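**Student:** So that you have it, the file is final22.tsv, and it contains TSV, C-alpha atoms and all ligand atoms:
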chain	number	residue	atom	x	y	z
K	1	MET	CA	151.43	138.95	76.02
K	2	LYS	CA	147.91	138.90	74.64
K	3	ILE	CA	147.96	135.13	74.26
K	4	ASN	CA	149.06	134.78	77.87
K	5	LYS	CA	146.10	136.82	79.07
K	6	ILE	CA	143.65	134.70	77.14
K	7	PHE	CA	145.30	131.60	78.50
K	8	VAL	CA	145.01	132.83	82.09
K	9	ALA	CA	141.36	133.74	81.57
K	10	PHE	CA	140.71	130.25	80.25
K	11	ALA	CA	142.52	128.63	83.12
K	12	VAL	CA	140.52	130.61	85.67
K	13	LEU	CA	137.28	129.70	83.92
K	14	LEU	CA	138.26	126.04	83.82
K	15	VAL	CA	139.04	125.96	87.54
K	16	CYS	CA	135.68	127.56	88.28
K	17	VAL	CA	133.74	125.10	86.16
K	18	LEU	CA	135.58	122.08	87.53
K	19	GLY	CA	135.28	123.34	91.08
K	20	TYR	CA	131.54	123.81	90.73
K	21	GLY	CA	131.23	120.35	89.25
K	22	VAL	CA	133.04	118.73	92.17
K	23	TYR	CA	131.00	120.80	94.63
K	24	THR	CA	127.60	119.81	93.22
K	25	HIS	CA	128.73	116.21	92.82
K	26	ASN	CA	129.64	116.01	96.50
K	27	LYS	CA	126.41	117.69	97.48
K	28	GLY	CA	124.48	115.08	95.46
K	29	ASN	CA	126.38	112.31	97.19
K	30	GLU	CA	125.61	113.81	100.56
K	31	THR	CA	121.87	113.82	99.97
K	32	SER	CA	121.87	110.29	98.62
K	33	LYS	CA	123.94	109.21	101.64
K	34	GLN	CA	121.41	110.82	103.96
K	35	GLN	CA	118.68	109.02	102.10
K	36	GLU	CA	120.55	105.75	102.48
K	37	ASN	CA	121.09	106.12	106.19
K	38	LYS	CA	117.68	107.23	107.31
K	39	GLU	CA	115.10	104.48	107.29
K	40	VAL	CA	111.77	105.38	105.77
K	41	LYS	CA	108.62	103.60	106.97
K	42	VAL	CA	105.84	103.07	104.46
K	43	GLY	CA	102.51	101.60	105.56
K	44	VAL	CA	100.50	99.94	102.79
K	45	LEU	CA	96.86	98.92	103.09
K	46	GLN	CA	95.50	96.53	100.46
K	47	LEU	CA	91.82	95.50	100.33
K	48	LEU	CA	92.42	91.92	99.24
K	49	SER	CA	94.58	89.82	96.98
K	50	HIS	CA	93.79	89.55	93.31
K	51	PRO	CA	96.32	89.58	90.49
K	52	ALA	CA	95.81	93.27	89.64
K	53	LEU	CA	96.36	94.49	93.17
K	54	ASP	CA	99.30	92.17	93.70
K	55	GLN	CA	100.89	93.62	90.56
K	56	ILE	CA	100.31	97.15	91.85
K	57	TYR	CA	102.10	96.25	95.08
K	58	LYS	CA	104.99	94.68	93.17
K	59	GLY	CA	105.30	97.79	91.01
K	60	LEU	CA	105.28	99.95	94.13
K	61	GLU	CA	108.11	98.03	95.74
K	62	ASP	CA	110.20	97.95	92.53
K	63	GLY	CA	109.44	101.61	91.86
K	64	LEU	CA	110.57	102.64	95.33
K	65	ALA	CA	113.84	100.76	94.78
K	66	LYS	CA	114.32	102.74	91.55
K	67	GLU	CA	113.84	105.91	93.59
K	68	GLY	CA	116.56	104.80	96.00
K	69	TYR	CA	114.38	103.32	98.73
K	70	VAL	CA	115.31	99.69	99.15
K	71	VAL	CA	113.66	97.23	101.53
K	72	GLY	CA	116.12	96.00	104.12
K	73	LYS	CA	118.43	98.94	103.49
K	74	ASN	CA	116.69	102.23	104.07
K	75	LEU	CA	113.05	101.24	103.69
K	76	LYS	CA	110.58	99.33	105.79
K	77	ILE	CA	107.22	98.43	104.27
K	78	ASP	CA	104.39	97.33	106.49
K	79	LEU	CA	101.92	95.67	104.11
K	80	GLN	CA	98.51	94.95	105.59
K	81	ASN	CA	96.02	92.88	103.59
K	82	ALA	CA	92.42	93.08	104.82
K	83	GLN	CA	91.36	89.91	102.93
K	84	GLY	CA	88.27	91.75	101.71
K	85	ASP	CA	86.96	92.28	105.24
K	86	GLN	CA	85.58	95.70	106.20
K	87	SER	CA	86.39	95.45	109.92
K	88	ASN	CA	89.94	94.36	109.09
K	89	LEU	CA	90.23	97.43	106.89
K	90	ALA	CA	89.22	99.74	109.73
K	91	SER	CA	91.53	98.23	112.36
K	92	MET	CA	94.49	97.89	109.99
K	93	GLY	CA	94.08	101.47	108.80
K	94	GLN	CA	94.21	102.72	112.39
K	95	LYS	CA	97.19	100.53	113.20
K	96	LEU	CA	99.20	101.76	110.22
K	97	VAL	CA	98.60	105.33	111.37
K	98	SER	CA	99.45	104.74	115.05
K	99	ASP	CA	102.55	102.73	114.12
K	100	ASN	CA	104.28	105.93	113.06
K	101	ASN	CA	104.74	105.23	109.40
K	102	ASP	CA	106.15	108.21	107.51
K	103	ILE	CA	103.73	107.80	104.66
K	104	LEU	CA	100.74	105.60	103.80
K	105	VAL	CA	99.67	103.94	100.56
K	106	GLY	CA	96.12	102.77	99.83
K	107	ILE	CA	95.56	100.02	97.28
K	108	THR	CA	91.86	100.20	96.25
K	109	THR	CA	89.20	102.78	97.09
K	110	PRO	CA	87.94	101.11	100.31
K	111	ALA	CA	91.50	100.77	101.64
K	112	THR	CA	92.27	104.43	100.97
K	113	LEU	CA	88.98	105.50	102.56
K	114	SER	CA	89.92	103.56	105.68
K	115	LEU	CA	93.30	105.30	105.84
K	116	SER	CA	91.71	108.69	105.31
K	117	ASN	CA	89.27	107.99	108.16
K	118	SER	CA	92.26	107.31	110.40
K	119	THR	CA	94.38	110.38	109.65
K	120	LYS	CA	93.93	113.85	108.24
K	121	ASP	CA	97.63	114.84	108.47
K	122	LYS	CA	99.87	111.96	107.49
K	123	PRO	CA	100.31	111.79	103.71
K	124	ILE	CA	98.26	109.09	101.97
K	125	ILE	CA	99.16	108.05	98.41
K	126	MET	CA	96.49	106.40	96.28
K	127	ALA	CA	97.61	103.45	94.19
K	128	GLY	CA	95.11	103.03	91.35
K	129	ILE	CA	91.93	104.66	92.59
K	130	THR	CA	89.31	105.00	89.87
K	131	TYR	CA	87.27	108.01	91.05
K	132	PRO	CA	89.07	109.72	93.92
K	133	VAL	CA	86.86	112.85	93.90
K	134	GLU	CA	83.57	110.97	93.75
K	135	ALA	CA	84.76	108.62	96.49
K	136	GLY	CA	85.13	111.69	98.71
K	137	LEU	CA	88.89	111.28	99.09
K	138	ILE	CA	90.02	114.61	97.59
K	139	GLN	CA	88.54	117.92	96.48
K	140	THR	CA	89.65	118.08	92.84
K	141	GLU	CA	92.04	116.04	90.72
K	142	ASP	CA	94.17	119.11	89.97
K	143	LYS	CA	94.39	120.19	93.59
K	144	PRO	CA	93.52	117.53	96.16
K	145	GLY	CA	93.49	120.13	98.97
K	146	ASN	CA	94.38	117.69	101.76
K	147	ASN	CA	96.77	114.91	102.81
K	148	ILE	CA	95.87	112.67	99.85
K	149	THR	CA	97.21	112.43	96.29
K	150	GLY	CA	98.32	109.67	93.94
K	151	VAL	CA	97.46	107.67	90.85
K	152	SER	CA	94.12	106.93	89.17
K	153	ASP	CA	93.54	103.89	86.96
K	154	ARG	CA	90.51	105.19	85.07
K	155	THR	CA	90.07	103.45	81.73
K	156	PRO	CA	88.59	104.83	78.50
K	157	ILE	CA	85.26	103.00	78.42
K	158	LYS	CA	84.09	104.50	75.14
K	159	GLN	CA	87.10	103.23	73.23
K	160	GLN	CA	86.73	99.85	74.90
K	161	LEU	CA	83.14	99.57	73.66
K	162	GLU	CA	84.17	100.71	70.19
K	163	ILE	CA	86.81	98.00	70.04
K	164	MET	CA	84.29	95.42	71.24
K	165	LYS	CA	82.06	96.42	68.33
K	166	LYS	CA	84.93	96.06	65.89
K	167	VAL	CA	85.84	92.64	67.24
K	168	LEU	CA	82.21	91.47	67.30
K	169	PRO	CA	80.46	93.26	64.42
K	170	ASN	CA	77.28	91.23	64.99
K	171	MET	CA	77.04	92.05	68.67
K	172	LYS	CA	73.61	93.44	69.54
K	173	LYS	CA	73.31	93.13	73.26
K	174	VAL	CA	76.14	93.73	75.70
K	175	GLY	CA	76.03	92.57	79.29
K	176	ILE	CA	77.60	94.67	82.03
K	177	LEU	CA	78.70	92.73	85.10
K	178	TYR	CA	79.76	94.45	88.33
K	179	THR	CA	79.52	94.57	92.11
K	180	ALA	CA	76.71	96.63	93.63
K	181	SER	CA	78.72	97.72	96.66
K	182	GLU	CA	81.79	98.93	94.76
K	183	ASP	CA	81.20	102.59	94.02
K	184	ASN	CA	83.93	102.81	91.41
K	185	ALA	CA	82.49	99.85	89.51
K	186	VAL	CA	78.92	101.19	89.77
K	187	LYS	CA	79.96	104.49	88.26
K	188	GLN	CA	81.89	102.85	85.43
K	189	ALA	CA	78.99	100.49	84.75
K	190	GLN	CA	76.55	103.40	84.50
K	191	GLU	CA	78.87	105.16	82.10
K	192	ALA	CA	79.28	101.98	80.05
K	193	GLU	CA	75.51	101.56	79.84
K	194	LYS	CA	75.03	105.09	78.57
K	195	LEU	CA	77.90	104.91	76.08
K	196	ALA	CA	76.83	101.50	74.74
K	197	LYS	CA	73.37	102.87	74.01
K	198	GLU	CA	74.93	105.82	72.21
K	199	LEU	CA	76.79	103.30	70.06
K	200	GLY	CA	73.48	101.66	69.16
K	201	LEU	CA	73.85	98.62	71.40
K	202	GLU	CA	71.28	97.09	73.69
K	203	THR	CA	72.46	96.60	77.26
K	204	LYS	CA	71.71	94.41	80.21
K	205	THR	CA	73.33	95.11	83.57
K	206	ALA	CA	73.73	92.56	86.32
K	207	THR	CA	75.15	93.06	89.78
K	208	VAL	CA	76.68	90.70	92.28
K	209	ALA	CA	76.70	91.22	96.04
K	210	ASN	CA	79.88	89.22	96.63
K	211	THR	CA	81.82	86.32	95.16
K	212	ASN	CA	79.14	83.82	96.25
K	213	ASP	CA	76.58	84.86	93.66
K	214	ILE	CA	78.95	85.46	90.75
K	215	GLN	CA	78.33	82.09	89.15
K	216	GLN	CA	74.56	82.37	89.12
K	217	VAL	CA	74.48	86.03	88.06
K	218	THR	CA	76.99	85.42	85.26
K	219	GLU	CA	75.04	82.42	84.02
K	220	ASN	CA	71.89	84.46	83.82
K	221	LEU	CA	73.63	87.37	82.10
K	222	ALA	CA	75.56	85.20	79.64
K	223	SER	CA	72.39	83.51	78.47
K	224	GLN	CA	70.85	86.86	77.53
K	225	THR	CA	73.77	88.71	75.91
K	226	ASP	CA	76.35	88.44	73.11
K	227	ALA	CA	79.33	89.64	75.14
K	228	ILE	CA	80.06	90.85	78.66
K	229	PHE	CA	81.88	94.03	79.68
K	230	VAL	CA	83.42	94.13	83.15
K	231	PRO	CA	84.54	97.46	84.63
K	232	ILE	CA	87.36	97.92	87.14
K	233	ASP	CA	85.85	95.83	89.90
K	234	ASN	CA	87.74	94.22	92.76
K	235	THR	CA	85.21	91.46	93.48
K	236	ILE	CA	85.00	90.32	89.87
K	237	ALA	CA	88.79	90.61	89.50
K	238	SER	CA	89.18	88.23	92.43
K	239	ALA	CA	86.83	85.66	90.88
K	240	MET	CA	87.60	85.76	87.15
K	241	ALA	CA	87.97	81.99	87.12
K	242	THR	CA	84.33	81.59	88.18
K	243	VAL	CA	83.13	84.09	85.58
K	244	VAL	CA	85.11	82.54	82.76
K	245	LYS	CA	84.06	79.01	83.55
K	246	VAL	CA	80.45	80.04	82.99
K	247	THR	CA	81.04	82.24	79.94
K	248	ASP	CA	83.30	79.69	78.24
K	249	ALA	CA	80.57	77.06	78.55
K	250	LYS	CA	78.18	79.44	76.81
K	251	LYS	CA	80.83	80.72	74.37
K	252	ILE	CA	80.31	84.32	75.48
K	253	PRO	CA	83.42	86.52	75.40
K	254	VAL	CA	84.32	88.72	78.38
K	255	PHE	CA	85.91	92.16	77.91
K	256	PRO	CA	87.44	93.38	81.17
K	257	SER	CA	89.26	96.61	82.03
K	258	ALA	CA	92.58	95.41	83.40
K	259	ASP	CA	95.49	93.52	81.83
K	260	THR	CA	95.45	90.94	84.60
K	261	MET	CA	91.74	90.24	84.08
K	262	VAL	CA	92.35	89.65	80.37
K	263	ALA	CA	95.14	87.24	81.27
K	264	ASP	CA	92.73	85.53	83.68
K	265	GLY	CA	90.38	84.57	80.85
K	266	GLY	CA	88.98	87.72	79.29
K	267	VAL	CA	89.34	88.10	75.52
K	268	LEU	CA	90.43	91.68	75.17
K	269	GLY	CA	90.62	94.78	77.30
K	270	LEU	CA	91.61	98.37	76.99
K	271	GLY	CA	93.21	99.54	80.14
K	272	VAL	CA	96.17	100.19	82.29
K	273	ASP	CA	99.17	98.06	83.10
K	274	GLN	CA	98.70	97.34	86.80
K	275	TYR	CA	102.42	97.03	87.47
K	276	LYS	CA	102.86	100.48	85.96
K	277	ILE	CA	100.28	101.91	88.37
K	278	GLY	CA	102.56	100.69	91.15
K	279	LEU	CA	105.64	102.26	89.54
K	280	GLU	CA	103.84	105.58	89.13
K	281	THR	CA	102.65	105.44	92.73
K	282	ALA	CA	106.24	104.97	93.90
K	283	LYS	CA	107.26	108.16	92.08
K	284	VAL	CA	104.58	110.09	93.94
K	285	VAL	CA	105.65	108.54	97.26
K	286	ALA	CA	109.25	109.62	96.62
K	287	LYS	CA	108.21	113.18	95.79
K	288	VAL	CA	106.21	113.51	99.00
K	289	LEU	CA	109.05	112.00	101.05
K	290	LYS	CA	111.29	114.69	99.58
K	291	GLY	CA	108.94	117.37	100.81
K	292	GLU	CA	106.33	118.03	98.15
K	293	ASP	CA	102.89	118.84	99.51
K	294	THR	CA	100.00	116.50	98.66
K	295	LYS	CA	97.58	119.43	98.80
K	296	THR	CA	98.81	120.84	95.51
K	297	MET	CA	99.96	117.68	93.70
K	298	PRO	CA	97.61	116.80	90.81
K	299	ILE	CA	96.41	113.22	90.46
K	300	VAL	CA	98.45	111.18	88.00
K	301	LEU	CA	96.34	109.41	85.36
K	302	ALA	CA	98.15	106.15	84.62
K	303	ASN	CA	95.93	105.78	81.62
K	304	GLU	CA	97.80	104.76	78.51
K	305	GLY	CA	94.83	102.85	77.02
K	306	VAL	CA	96.79	99.86	75.83
K	307	ILE	CA	94.88	97.00	74.18
K	308	TYR	CA	95.45	93.71	75.98
K	309	LEU	CA	94.64	90.55	74.07
K	310	ASN	CA	94.28	86.98	75.22
K	311	GLU	CA	94.94	85.27	71.89
K	312	ALA	CA	94.36	81.76	73.18
K	313	LYS	CA	90.97	82.73	74.57
K	314	ALA	CA	89.95	84.44	71.31
K	315	LYS	CA	90.91	81.33	69.40
K	316	GLN	CA	89.10	79.06	71.84
K	317	LEU	CA	85.90	81.08	71.37
K	318	GLY	CA	86.36	81.27	67.60
K	319	ILE	CA	86.73	85.03	67.55
K	320	GLU	CA	88.75	86.56	64.73
K	321	ILE	CA	90.61	89.64	65.95
K	322	PRO	CA	90.87	92.28	63.18
K	323	LYS	CA	94.45	92.77	62.06
K	324	ASP	CA	94.71	96.47	62.97
K	325	ILE	CA	93.66	95.68	66.54
K	326	LYS	CA	95.91	92.66	66.79
K	327	ASP	CA	98.90	94.65	65.53
K	328	LYS	CA	98.46	97.22	68.28
K	329	ALA	CA	97.64	94.76	71.04
K	330	LYS	CA	99.83	93.46	73.79
K	331	ILE	CA	99.41	89.71	74.19
K	332	VAL	CA	98.79	88.68	77.78
K	333	ASP	CA	97.99	84.94	77.47
K	334	LYS	CA	98.93	82.97	80.56
K	335	LYS	CA	101.83	80.70	79.77
U	401	LIG	N1	90.55	100.98	90.97
U	401	LIG	C1	90.14	100.05	91.98
U	401	LIG	C2	89.58	100.83	93.14
U	401	LIG	O1	89.52	102.04	93.09
U	401	LIG	C3	91.31	99.19	92.42
U	401	LIG	C4	91.92	98.48	91.27
U	401	LIG	C5	93.11	98.80	90.70
U	401	LIG	C6	91.38	97.40	90.52
U	401	LIG	N2	93.36	97.99	89.66
U	401	LIG	C7	92.33	97.11	89.51
U	401	LIG	C8	90.22	96.64	90.57
U	401	LIG	C9	92.11	96.11	88.55
U	401	LIG	C10	90.01	95.62	89.63
U	401	LIG	C11	90.96	95.36	88.64
U	401	LIG	O2	89.18	100.25	94.11
Translate the structure described by the file into structure tokens.

**Tutor:**
Amino acid sequence: MKINKIFVAFAVLLVCVLGYGVYTHNKGNETSKQQENKEVKVGVLQLLSHPALDQIYKGLEDGLAKEGYVVGKNLKIDLQNAQGDQSNLASMGQKLVSDNNDILVGITTPATLSLSNSTKDKPIIMAGITYPVEAGLIQTEDKPGNNITGVSDRTPIKQQLEIMKKVLPNMKKVGILYTASEDNAVKQAQEAEKLAKELGLETKTATVANTNDIQQVTENLASQTDAIFVPIDNTIASAMATVVKVTDAKKIPVFPSADTMVADGGVLGLGVDQYKIGLETAKVVAKVLKGEDTKTMPIVLANEGVIYLNEAKAKQLGIEIPKDIKDKAKIVDKK
């Protein structure tokens, strides 16, 4: 008798648990089916093409697929590339807004600013923006307060300079190369100058206006310094080949802030995996598509501070990388 009762109680419990399982499973399927059927439109504005930004875009597309949004199935991406042109940026930003995209993604600070000038309601997700508050895009990193949120690619400049000192113990004077019109680069350069001085280094800063004067400015800077630091700078990133041609001739190592820039001829950099910035951005896009409010979504810092090393370049310049740094580093030599 007693055993029977226990058995019945168990059976009832089992049916309940199984039933609930089947119920939630079906519910899950329903939502993913809805997601599959409804097409989502994502408008992406990219300032220009350089390897870092192209990697961010690739990460975004792959990341969205991981979140269940697949191009050609339930996702349409309208990618607009302004080719570095300010008037293109403005018109493309407006077009992406009027074309009824569900959500917008800005790759670079100027691209995101253009989108934010075009809409104050449609959600805008930042893909690797260095200083979103200072750029005037959001109120605070914890609480954007408007239609913008996303991922920052800020890099730890102090650690980068410390590693440079370890790699080049005899370095006395460090050059800082950046673009005068790129606010994010200007701010990083100023910080680098201050931190380098604190570390007992002399500094010399040099700015370019655009890609046309990179060669001359780099030549001048390389002849006065022991090594060159390059912050996160779109113009320099798009012309690394020009920079490296000059610095190689003078045997001056370049220490940039992005993995792709190290691969493009820098020696070593401490920074963020650009592809990962794209993946992280996709996660934010998915959250907003599912109803989260940008106003209260803190900025994601995609800052894992990985050391990227171009071994071939170090060898070419005769630079011995200390073992502890080499052991930690990710090799990014171009094959
Ligand atoms: N952070 C840059 C901006 O705010 C864009 C950017 C992302 C970038 N990754 C980069 C620039 C790598 C140079 C190199 O505009």

**Student:** Might you pull out every residue within 8 Å of K:Thr225, with only C-alpha atoms counted and same-chain residues fewer than 2 positions away left off, and present them as number ranges by chain?

**Tutor:** K: 172-175, 204, 221-223, 227-228, 252

**Student:** Restricting the calculation to all atoms listed in the file, which member of K:Val42, K:Ile56, K:Ile232, K:Ala263 is positioned closest to ligand LIG 401 (chain U)?

**Tutor:**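 Checking each of K:Val42, K:Ile56, K:Ile232, K:Ala263 against ligand LIG 401 (chain U), counting all atoms listed in the file, the winner is K:Ile232.
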
**Student:** For atom CA of K:Pro231 and atom CA of K:Ser116, determine how far apart the two atoms are, in Å to one decimal place.

**Tutor:**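 Distance between the two atoms: 24.6 Å.
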
**Student:** Ligand LIG 401 (chain U), all listed atoms, 6 Å padding on each side: what axis-aligned box centre and edge lengths in Å to one decimal come out, as JSON?

**Tutor:**
{"center_x": 91.3, "center_y": 98.7, "center_z": 91.3, "size_x": 16.2, "size_y": 18.7, "size_z": 17.6}

**Student:** For the interface of stretch 127-201 of chain K with stretch 296-300 of chain K (cut-off 6 Å, counting only C-alpha atoms), please tabulate each contacting residue of stretch 127-201 of chain K alongside its nearest pair of atoms and their separation in Å to one decimal, rows sorted by chain and increasing number, as JSON lines.

**Tutor:**
{"residue": "K:Glu141", "atom": "CA", "partner": "K:Ile299", "partner_atom": "CA", "distance": 5.2}
{"residue": "K:Asp142", "atom": "CA", "partner": "K:Pro298", "partner_atom": "CA", "distance": 4.2}
{"residue": "K:Lys143", "atom": "CA", "partner": "K:Thr296", "partner_atom": "CA", "distance": 4.9}
{"residue": "K:Thr149", "atom": "CA", "partner": "K:Ile299", "partner_atom": "CA", "distance": 5.9}
{"residue": "K:Gly150", "atom": "CA", "partner": "K:Ile299", "partner_atom": "CA", "distance": 5.3}
{"residue": "K:Val151", "atom": "CA", "partner": "K:Val300", "partner_atom": "CA", "distance": 4.6}

**Student:** Neighbours of ligand LIG 401 (chain U) at 7 Å or closer, counting all atoms listed in the file: which residues, as a list in words?

**Tutor:**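 Using all atoms listed in the file, I find these residues within 7 Å of ligand LIG 401 (chain U): Ala52, Leu53, Ile107, Thr108, Thr109, Pro110, Gly128, Ile129, Thr130, Tyr131, Asp153, Asn184, Ile232, Asp233, Asn234, Ala237, Ser257, Ala258, Met261 and Gln274 of chain K.
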
**Student:** Write out as a list in words the residues lying within 8 Å of K:Ala192, counting only C-alpha atoms and excluding same-chain residues fewer than 4 positions away.

**Tutor:**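 The residues satisfying every condition are Ile157, Lys158, Leu161, Ile176, Gln188 and Ala196 of chain K.
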
**Student:** Return the single residue from K:His50, K:Lys58, K:Lys323, K:Lys122 that is closest to K:Leu289, with distances computed using all atoms listed in the file.

**Tutor:**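 The closest residue to K:Leu289 is K:Lys122.
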
**Student:** Would you kindly return, as a list in words, each protein, DNA or RNA residue with an atom no farther than 12 Å from any atom of K:Gly318, considering all atoms listed in the file and excluding same-chain residues fewer than 5 positions away?

**Tutor:**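 With the cut-off at 12 Å, the set is Val167, Leu168, Asp248, Lys251, Ile252, Pro253, Val267, Glu311, Ala312 and Lys313 of chain K.
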
**Student:** Can you find the residues with an atom no farther than 10 Å from (113.6, 105.4, 90.5), counting all atoms listed in the file, and report them as JSON, numbers by chain?

**Tutor:** {"K": [62, 63, 64, 65, 66, 67, 68, 69, 279, 280, 282, 283, 286]}

**Student:** With distances taken over all atoms listed in the file, which residue among K:Ala90, K:Asp99, K:Thr140, K:Glu198 lies nearest K:Asn117?

**Tutor:**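 Once distances to K:Asn117 are computed over all atoms listed in the file, the minimum belongs to K:Ala90.
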
**Student:** Atom CA of K:Leu309 and atom CA of K:Val332 are how many Å apart?

**Tutor:**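 Between atom CA of K:Leu309 and atom CA of K:Val332 the gap is 5.9 Å.
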
**Student:** Quick one, how far is atom CA of K:Val306 from atom CA of K:Val272?

**Tutor:**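 Taking atom CA of K:Val306 as the start and atom CA of K:Val272 as the end point, the length is 6.5 Å.
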
**Student:** As a list of chain:residue names, please: the residues near stretch 207-216 of chain K (cut-off 7 Å, all atoms listed in the file, same-chain neighbours under 6 positions excluded).

**Tutor:**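 Counting only the stated atoms, we get K:Leu177, K:Tyr178, K:Thr179, K:Ala180, K:Ser181, K:Thr235, K:Ala239, K:Thr242, K:Val243, K:Val246.
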
**Student:** Can you pull out the residues contacting stretch 92-97 of chain K? Cut-off 6 Å, using only C-alpha atoms, and skip same-chain residues under 4 positions away; I want them as a list in words.

**Tutor:**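 Here the qualifying residues turn out to be Gly43, Asn88, Ser114, Leu115 and Ser118 of chain K.
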
**Student:** Between K:Thr218, K:Thr203, K:Asn170, K:Thr155, which is the closest to K:Gly305 once you count all atoms listed in the file?

**Tutor:** K:Thr155

**Student:** For each of K:Lys187, K:Pro169, K:Tyr275, K:Ile125, take the minimum atom-to-atom distance to K:Val288, counting all atoms listed in the file, then give the residue where this is smallest.

**Tutor:**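 So, comparing all the options, the nearest one is K:Ile125.
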
**Student:** Restore N, CA and C atoms in stretch 194-208 of chain K and list the result as a JSON list (two decimals), in the coordinates of the input.

**Tutor:**
[["chain", "number", "residue", "atom", "x", "y", "z"],
["K", 194, "LYS", "N", 75.40, 103.91, 79.34],
["K", 194, "LYS", "CA", 75.03, 105.09, 78.57],
["K", 194, "LYS", "C", 75.78, 105.11, 77.22],
["K", 195, "LEU", "N", 77.08, 104.86, 77.29],
["K", 195, "LEU", "CA", 77.90, 104.91, 76.08],
["K", 195, "LEU", "C", 77.52, 103.79, 75.09],
["K", 196, "ALA", "N", 77.20, 102.62, 75.62],
["K", 196, "ALA", "CA", 76.83, 101.50, 74.74],
["K", 196, "ALA", "C", 75.56, 101.85, 73.98],
["K", 197, "LYS", "N", 74.63, 102.47, 74.67],
["K", 197, "LYS", "CA", 73.37, 102.87, 74.01],
["K", 197, "LYS", "C", 73.66, 103.89, 72.92],
["K", 198, "GLU", "N", 74.56, 104.81, 73.22],
["K", 198, "GLU", "CA", 74.93, 105.82, 72.21],
["K", 198, "GLU", "C", 75.54, 105.17, 70.97],
["K", 199, "LEU", "N", 76.18, 104.02, 71.19],
["K", 199, "LEU", "CA", 76.79, 103.30, 70.06],
["K", 199, "LEU", "C", 75.79, 102.36, 69.38],
["K", 200, "GLY", "N", 74.53, 102.45, 69.80],
["K", 200, "GLY", "CA", 73.48, 101.66, 69.16],
["K", 200, "GLY", "C", 73.37, 100.24, 69.67],
["K", 201, "LEU", "N", 73.92, 99.97, 70.84],
["K", 201, "LEU", "CA", 73.85, 98.62, 71.40],
["K", 201, "LEU", "C", 72.74, 98.53, 72.45],
["K", 202, "GLU", "N", 72.18, 97.33, 72.56],
["K", 202, "GLU", "CA", 71.28, 97.09, 73.69],
["K", 202, "GLU", "C", 72.15, 96.72, 74.88],
["K", 203, "THR", "N", 71.66, 96.96, 76.09],
["K", 203, "THR", "CA", 72.46, 96.60, 77.26],
["K", 203, "THR", "C", 71.63, 95.82, 78.27],
["K", 204, "LYS", "N", 72.35, 95.04, 79.04],
["K", 204, "LYS", "CA", 71.71, 94.41, 80.21],
["K", 204, "LYS", "C", 72.74, 94.43, 81.33],
["K", 205, "THR", "N", 72.38, 95.06, 82.45],
["K", 205, "THR", "CA", 73.33, 95.11, 83.57],
["K", 205, "THR", "C", 72.95, 94.03, 84.58],
["K", 206, "ALA", "N", 73.97, 93.54, 85.26],
["K", 206, "ALA", "CA", 73.73, 92.56, 86.32],
["K", 206, "ALA", "C", 74.73, 92.80, 87.43],
["K", 207, "THR", "N", 74.24, 92.80, 88.67],
["K", 207, "THR", "CA", 75.15, 93.06, 89.78],
["K", 207, "THR", "C", 75.28, 91.83, 90.68],
["K", 208, "VAL", "N", 76.46, 91.73, 91.27],
["K", 208, "VAL", "CA", 76.68, 90.70, 92.28],
["K", 208, "VAL", "C", 76.84, 91.40, 93.63]]
